[in-house]
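The file entry22.pdb contains PDB, C-alpha atoms:
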```pdb
ATOM      1  CA  MET H  52       5.317 -17.112 -18.591
ATOM      2  CA  SER H  53       3.938 -16.667 -15.090
ATOM      3  CA  ILE H  54       0.256 -16.511 -15.984
ATOM      4  CA  GLU H  55       0.679 -19.930 -17.580
ATOM      5  CA  SER H  56       1.994 -21.354 -14.296
ATOM      6  CA  VAL H  57      -1.055 -19.894 -12.505
ATOM      7  CA  ARG H  58      -3.394 -21.242 -15.187
ATOM      8  CA  GLU H  59      -1.821 -24.686 -14.751
ATOM      9  CA  TYR H  60      -2.044 -24.323 -10.953
ATOM     10  CA  PHE H  61      -5.780 -23.560 -11.127
ATOM     11  CA  SER H  62      -6.375 -26.384 -13.619
ATOM     12  CA  THR H  63      -5.979 -28.774 -10.661
ATOM     13  CA  TRP H  64      -9.413 -27.561  -9.540
ATOM     14  CA  ASN H  65     -10.830 -26.932 -13.046
ATOM     15  CA  MET H  66     -10.767 -23.196 -12.318
ATOM     16  CA  GLU H  67      -8.406 -21.966 -15.026
ATOM     17  CA  ASP H  68     -11.348 -20.575 -17.016
ATOM     18  CA  ARG H  69     -12.140 -18.171 -14.160
ATOM     19  CA  ILE H  70      -8.912 -16.245 -14.779
ATOM     20  CA  LEU H  71      -9.647 -12.867 -16.329
ATOM     21  CA  GLU H  72      -7.206 -11.369 -18.837
ATOM     22  CA  PHE H  73      -7.423  -7.721 -19.846
ATOM     23  CA  ASP H  74      -6.379  -5.726 -22.900
ATOM     24  CA  VAL H  75      -5.099  -3.092 -20.463
ATOM     25  CA  SER H  76      -2.657  -3.191 -17.584
ATOM     26  CA  SER H  77      -3.812  -4.242 -14.125
ATOM     27  CA  ALA H  78      -0.316  -3.906 -12.625
ATOM     28  CA  THR H  79      -1.344  -1.478  -9.868
ATOM     29  CA  VAL H  80      -4.349  -1.355  -7.562
ATOM     30  CA  GLU H  81      -5.765   1.627  -9.439
ATOM     31  CA  LEU H  82      -5.273   0.061 -12.876
ATOM     32  CA  ALA H  83      -6.730  -3.267 -11.729
ATOM     33  CA  ALA H  84      -9.779  -1.538 -10.250
ATOM     34  CA  ARG H  85     -10.312   0.334 -13.510
ATOM     35  CA  ALA H  86      -9.941  -2.872 -15.584
ATOM     36  CA  LEU H  87     -12.423  -4.675 -13.308
ATOM     37  CA  SER H  88     -14.796  -1.719 -12.785
ATOM     38  CA  CYS H  89     -14.636  -2.185  -9.020
ATOM     39  CA  GLU H  90     -13.505  -0.225  -5.997
ATOM     40  CA  PRO H  91      -9.709  -0.226  -5.479
ATOM     41  CA  LYS H  92     -10.110  -1.624  -1.969
ATOM     42  CA  ARG H  93     -11.432  -4.924  -3.423
ATOM     43  CA  ILE H  94      -8.145  -5.555  -5.224
ATOM     44  CA  ALA H  95      -6.210  -8.165  -3.246
ATOM     45  CA  LYS H  96      -2.640  -6.945  -3.596
ATOM     46  CA  THR H  97       0.152  -9.388  -2.867
ATOM     47  CA  MET H  98       3.162  -7.826  -1.229
ATOM     48  CA  SER H  99       6.520  -9.599  -1.067
ATOM     49  CA  PHE H 100       8.886  -9.231   1.879
ATOM     50  CA  LEU H 101      12.322 -10.524   2.721
ATOM     51  CA  LEU H 102      12.310 -12.165   6.148
ATOM     52  CA  ASP H 103      15.733 -13.498   7.059
ATOM     53  CA  ASP H 104      16.708 -15.278   3.825
ATOM     54  CA  ARG H 105      13.258 -16.172   2.570
ATOM     55  CA  CYS H 106      10.344 -14.544   0.827
ATOM     56  CA  VAL H 107       7.079 -13.999   2.680
ATOM     57  CA  LEU H 108       3.893 -12.993   0.820
ATOM     58  CA  ILE H 109       1.158 -10.939   2.458
ATOM     59  CA  VAL H 110      -2.131 -10.392   0.644
ATOM     60  CA  THR H 111      -3.894  -7.178   1.683
ATOM     61  CA  ALA H 112      -6.863  -5.097   0.606
ATOM     62  CA  GLY H 113      -6.117  -2.513  -2.050
ATOM     63  CA  ASP H 114      -6.565   0.411   0.317
ATOM     64  CA  ALA H 115      -4.492  -1.020   3.177
ATOM     65  CA  ARG H 116      -0.880  -0.218   3.992
ATOM     66  CA  ILE H 117       1.602  -2.248   5.988
ATOM     67  CA  ASP H 118       1.922  -0.995   9.562
ATOM     68  CA  ASN H 119       5.614  -1.403  10.368
ATOM     69  CA  ALA H 120       4.999  -1.707  14.123
ATOM     70  CA  LYS H 121       2.409  -4.489  13.655
ATOM     71  CA  TYR H 122       4.678  -6.278  11.181
ATOM     72  CA  LYS H 123       7.650  -6.140  13.532
ATOM     73  CA  LYS H 124       5.566  -7.335  16.467
ATOM     74  CA  LEU H 125       4.349 -10.355  14.485
ATOM     75  CA  PHE H 126       7.523 -11.316  12.614
ATOM     76  CA  GLY H 127      10.177  -9.976  15.001
ATOM     77  CA  LYS H 128      11.885  -7.981  12.252
ATOM     78  CA  LYS H 129      11.395  -4.705  10.433
ATOM     79  CA  ALA H 130       9.375  -4.993   7.210
ATOM     80  CA  LYS H 131      11.703  -5.141   4.220
ATOM     81  CA  MET H 132      10.101  -5.419   0.802
ATOM     82  CA  LEU H 133      11.862  -7.380  -1.912
ATOM     83  CA  ARG H 134      13.838  -5.285  -4.374
ATOM     84  CA  PRO H 135      12.314  -5.362  -7.865
ATOM     85  CA  GLU H 136      15.182  -7.515  -9.159
ATOM     86  CA  GLN H 137      14.494 -10.117  -6.418
ATOM     87  CA  VAL H 138      10.751 -10.404  -6.968
ATOM     88  CA  GLU H 139      10.583 -12.804  -9.914
ATOM     89  CA  ALA H 140      13.371 -15.037  -8.597
ATOM     90  CA  LEU H 141      11.730 -15.425  -5.169
ATOM     91  CA  THR H 142       8.018 -15.391  -6.086
ATOM     92  CA  GLY H 143       7.963 -16.823  -9.606
ATOM     93  CA  HIS H 144       6.077 -13.732 -10.784
ATOM     94  CA  ARG H 145       7.122 -10.350 -12.166
ATOM     95  CA  VAL H 146       6.353  -7.045 -10.477
ATOM     96  CA  GLY H 147       2.774  -6.105 -11.389
ATOM     97  CA  GLY H 148       1.617  -9.721 -11.468
ATOM     98  CA  VAL H 149       2.727 -11.038  -8.081
ATOM     99  CA  CYS H 150       0.073 -13.292  -6.608
ATOM    100  CA  PRO H 151      -0.162 -16.026  -3.965
ATOM    101  CA  PHE H 152      -0.670 -18.804  -6.532
ATOM    102  CA  ALA H 153       1.929 -21.104  -8.119
ATOM    103  CA  VAL H 154       4.676 -19.728  -5.893
ATOM    104  CA  PRO H 155       7.831 -21.660  -5.020
ATOM    105  CA  GLU H 156       7.340 -24.511  -2.556
ATOM    106  CA  GLY H 157       7.765 -23.373   1.049
ATOM    107  CA  THR H 158       6.878 -19.724   0.395
ATOM    108  CA  PRO H 159       4.597 -18.711   3.268
ATOM    109  CA  VAL H 160       1.455 -16.771   2.339
ATOM    110  CA  TYR H 161      -0.496 -14.725   4.872
ATOM    111  CA  LEU H 162      -3.859 -13.016   4.417
ATOM    112  CA  ASP H 163      -4.398  -9.683   6.131
ATOM    113  CA  SER H 164      -7.607  -8.999   8.037
ATOM    114  CA  SER H 165      -8.200  -5.912   5.853
ATOM    115  CA  LEU H 166      -9.689  -8.342   3.304
ATOM    116  CA  LYS H 167     -12.323  -9.732   5.670
ATOM    117  CA  ARG H 168     -14.852  -6.962   4.985
ATOM    118  CA  PHE H 169     -15.473  -8.277   1.453
ATOM    119  CA  THR H 170     -17.404 -11.244   0.095
ATOM    120  CA  THR H 171     -15.087 -11.537  -2.908
ATOM    121  CA  VAL H 172     -11.752  -9.987  -3.869
ATOM    122  CA  PHE H 173      -9.571  -9.840  -6.991
ATOM    123  CA  PRO H 174      -5.966 -11.042  -6.725
ATOM    124  CA  ALA H 175      -3.646 -10.998  -9.742
ATOM    125  CA  CYS H 176      -2.878 -14.214 -11.613
ATOM    126  CA  GLY H 177       0.807 -13.929 -12.424
ATOM    127  CA  SER H 178       0.788 -11.214 -15.079
ATOM    128  CA  SER H 179       0.295  -7.462 -15.258
ATOM    129  CA  ASN H 180      -3.056  -7.870 -17.017
ATOM    130  CA  SER H 181      -4.874 -10.630 -15.144
ATOM    131  CA  ALA H 182      -7.003 -11.304 -12.082
ATOM    132  CA  ILE H 183      -9.473 -13.784 -10.653
ATOM    133  CA  GLU H 184     -12.523 -13.170  -8.477
ATOM    134  CA  LEU H 185     -12.414 -15.349  -5.371
ATOM    135  CA  SER H 186     -14.408 -15.615  -2.176
ATOM    136  CA  LEU H 187     -12.343 -15.289   0.986
ATOM    137  CA  GLU H 188     -12.672 -19.017   1.563
ATOM    138  CA  GLU H 189     -11.374 -19.691  -1.952
ATOM    139  CA  LEU H 190      -8.525 -17.226  -1.491
ATOM    140  CA  GLU H 191      -7.527 -18.948   1.740
ATOM    141  CA  ARG H 192      -7.710 -22.417   0.170
ATOM    142  CA  TYR H 193      -6.023 -21.727  -3.170
ATOM    143  CA  SER H 194      -3.282 -19.487  -1.766
ATOM    144  CA  ARG H 195      -2.559 -22.192   0.813
ATOM    145  CA  ALA H 196      -2.387 -19.405   3.368
ATOM    146  CA  GLU H 197      -0.585 -20.068   6.624
ATOM    147  CA  SER H 198      -3.039 -17.875   8.539
ATOM    148  CA  TRP H 199      -4.953 -14.635   8.761
ATOM    149  CA  ILE H 200      -2.899 -11.821  10.260
ATOM    150  CA  ASP H 201      -3.344  -8.148  11.170
ATOM    151  CA  VAL H 202      -0.418  -6.080   9.889
ATOM    152  CA  CYS H 203      -2.135  -3.234   8.018
ATOM    153  CA  LYS H 204      -3.389   0.257   8.721
ATOM    154  CA  ASP H 205      -5.388   3.042   7.044
ATOM    155  CA  TRP H 206      -8.236   0.840   5.870
ATOM    156  CA  VAL H 207     -10.668   1.025   8.793
TER     157      VAL H 207
END
```
Using the file provided, produce a representation of the structure as structure tokens.
Amino acid sequence: MSIESVREYFSTWNMEDRILEFDVSSATVELAARALSCEPKRIAKTMSFLLDDRCVLIVTAGDARIDNAKYKKLFGKKAKMLRPEQVEALTGHRVGGVCPFAVPEGTPVYLDSSLKRFTTVFPACGSSNSAIELSLEELERYSRAESWIDVCKDWV
């Protein structure tokens, strides 16, 4: 179970108790915001892309959308999201629970600048009914992010 891998991952820092589990689904930005009683834009959604033959994860604000031109300029290729049947195999998490934690070794994680307007955000924790509240510094550290990037639109 993916949430268990995330719980084990966070146990390294004695943070597993900070994971929130809900009786309702948090599989979409809207559902997560409702479960957390927060604005949808504070949901840190993790999007999975196929770049050449590898998976790349980009964490964005809940109200941001990938700008294909910015993505192509940065990565040199058109943005191509993973197909649903590829997601679990390449990220270790099922659709609705994809997060930047406890992912396969070598999976690059990037954080989009759309998140920088918040003090804390809520990424999923490997299941369709979980999240954790993290500061941006914590998100950067625990996701082992490669860097901050700017590949989104419609959030400014």
- Task: Provide the CA of Val149 (chain H) to CA of Lys124 (chain H) distance in Å, to one decimal place.
- Result: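 A separation of 25.0 Å between them.
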- Message: So that I can check the surroundings of Tyr122 (chain H), please list as an NGL selection string every protein, DNA and RNA residue that reaches within 7 Å of it, counting only C-alpha atoms and ignoring chain neighbours fewer than 5 positions away.
- Response: :H and (129-130 or 202)
- Could you tell me which of H:Asn119, H:Thr111, H:Thr97, H:Ser181 comes closest to Lys167 (chain H) if we count all atoms listed in the file?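 Closest residue, counting all atoms listed in the file: H:Thr111.
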- Specify as a PyMOL selection string each residue included when the PyMOL selection byres ((chain H and resi 178) around 7) is applied to this file. chain H and resi 53-54+147-148+175-177+179-181
- Given the file shown, enumerate the residues that the PyMOL selection byres ((chain H and resi 86) around 8) captures and present them as a list in words.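 Applied to this file, the PyMOL selection byres ((chain H and resi 86) around 8) returns Phe73, Val75, Ser76, Ser77, Leu82, Ala83, Ala84, Arg85, Leu87 and Ser88 of chain H.
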- Protein/DNA/RNA residues near (11.8, -1.5, 7.3), cut 12 Å, only C-alpha atoms, as a list of chain:residue names: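 Neighbouring residues, ordered by chain and number, come to H:Phe100, H:Leu101, H:Leu102, H:Ile117, H:Asp118, H:Asn119, H:Ala120, H:Lys121, H:Tyr122, H:Lys123, H:Phe126, H:Gly127, H:Lys128, H:Lys129, H:Ala130, H:Lys131, H:Met132, H:Leu133.
We find CA of Glu156 (chain H) and CA of Phe173 (chain H) to be spaced 22.8 Å apart.
If you measure from each of H:Ile94, H:Leu185, H:Ala78, H:Val172 to Val146 (chain H) using all atoms listed in the file, the closest one turns out to be H:Ala78.
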Box for region 130-146 of chain H - axis-aligned, 6 Å on each of the six sides, all listed atoms - centre and size in Å to one decimal, as lines of an AutoDock Vina configuration file.
```
center_x = 10.6
center_y = -10.9
center_z = -2.5
size_x = 21.1
size_y = 23.8
size_z = 31.4
```
- Message: I'd like to know which of H:Ser56, H:Ser99, H:Asn65, H:Thr79 is closest to Val138 (chain H), using all atoms listed in the file.
- Response: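 Distance minimum relative to Val138 (chain H) lands on H:Ser99.
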- Message: Which residues, named as in the file, does the PyMOL selection byres ((chain H and resi 195) around 12) pick out? Answer as a PyMOL selection string.
- Response: chain H and resi 60+108-110+150-162+187-194+196-199
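You will find CA of Pro135 (chain H) at 21.6 Å from CA of Cys203 (chain H).
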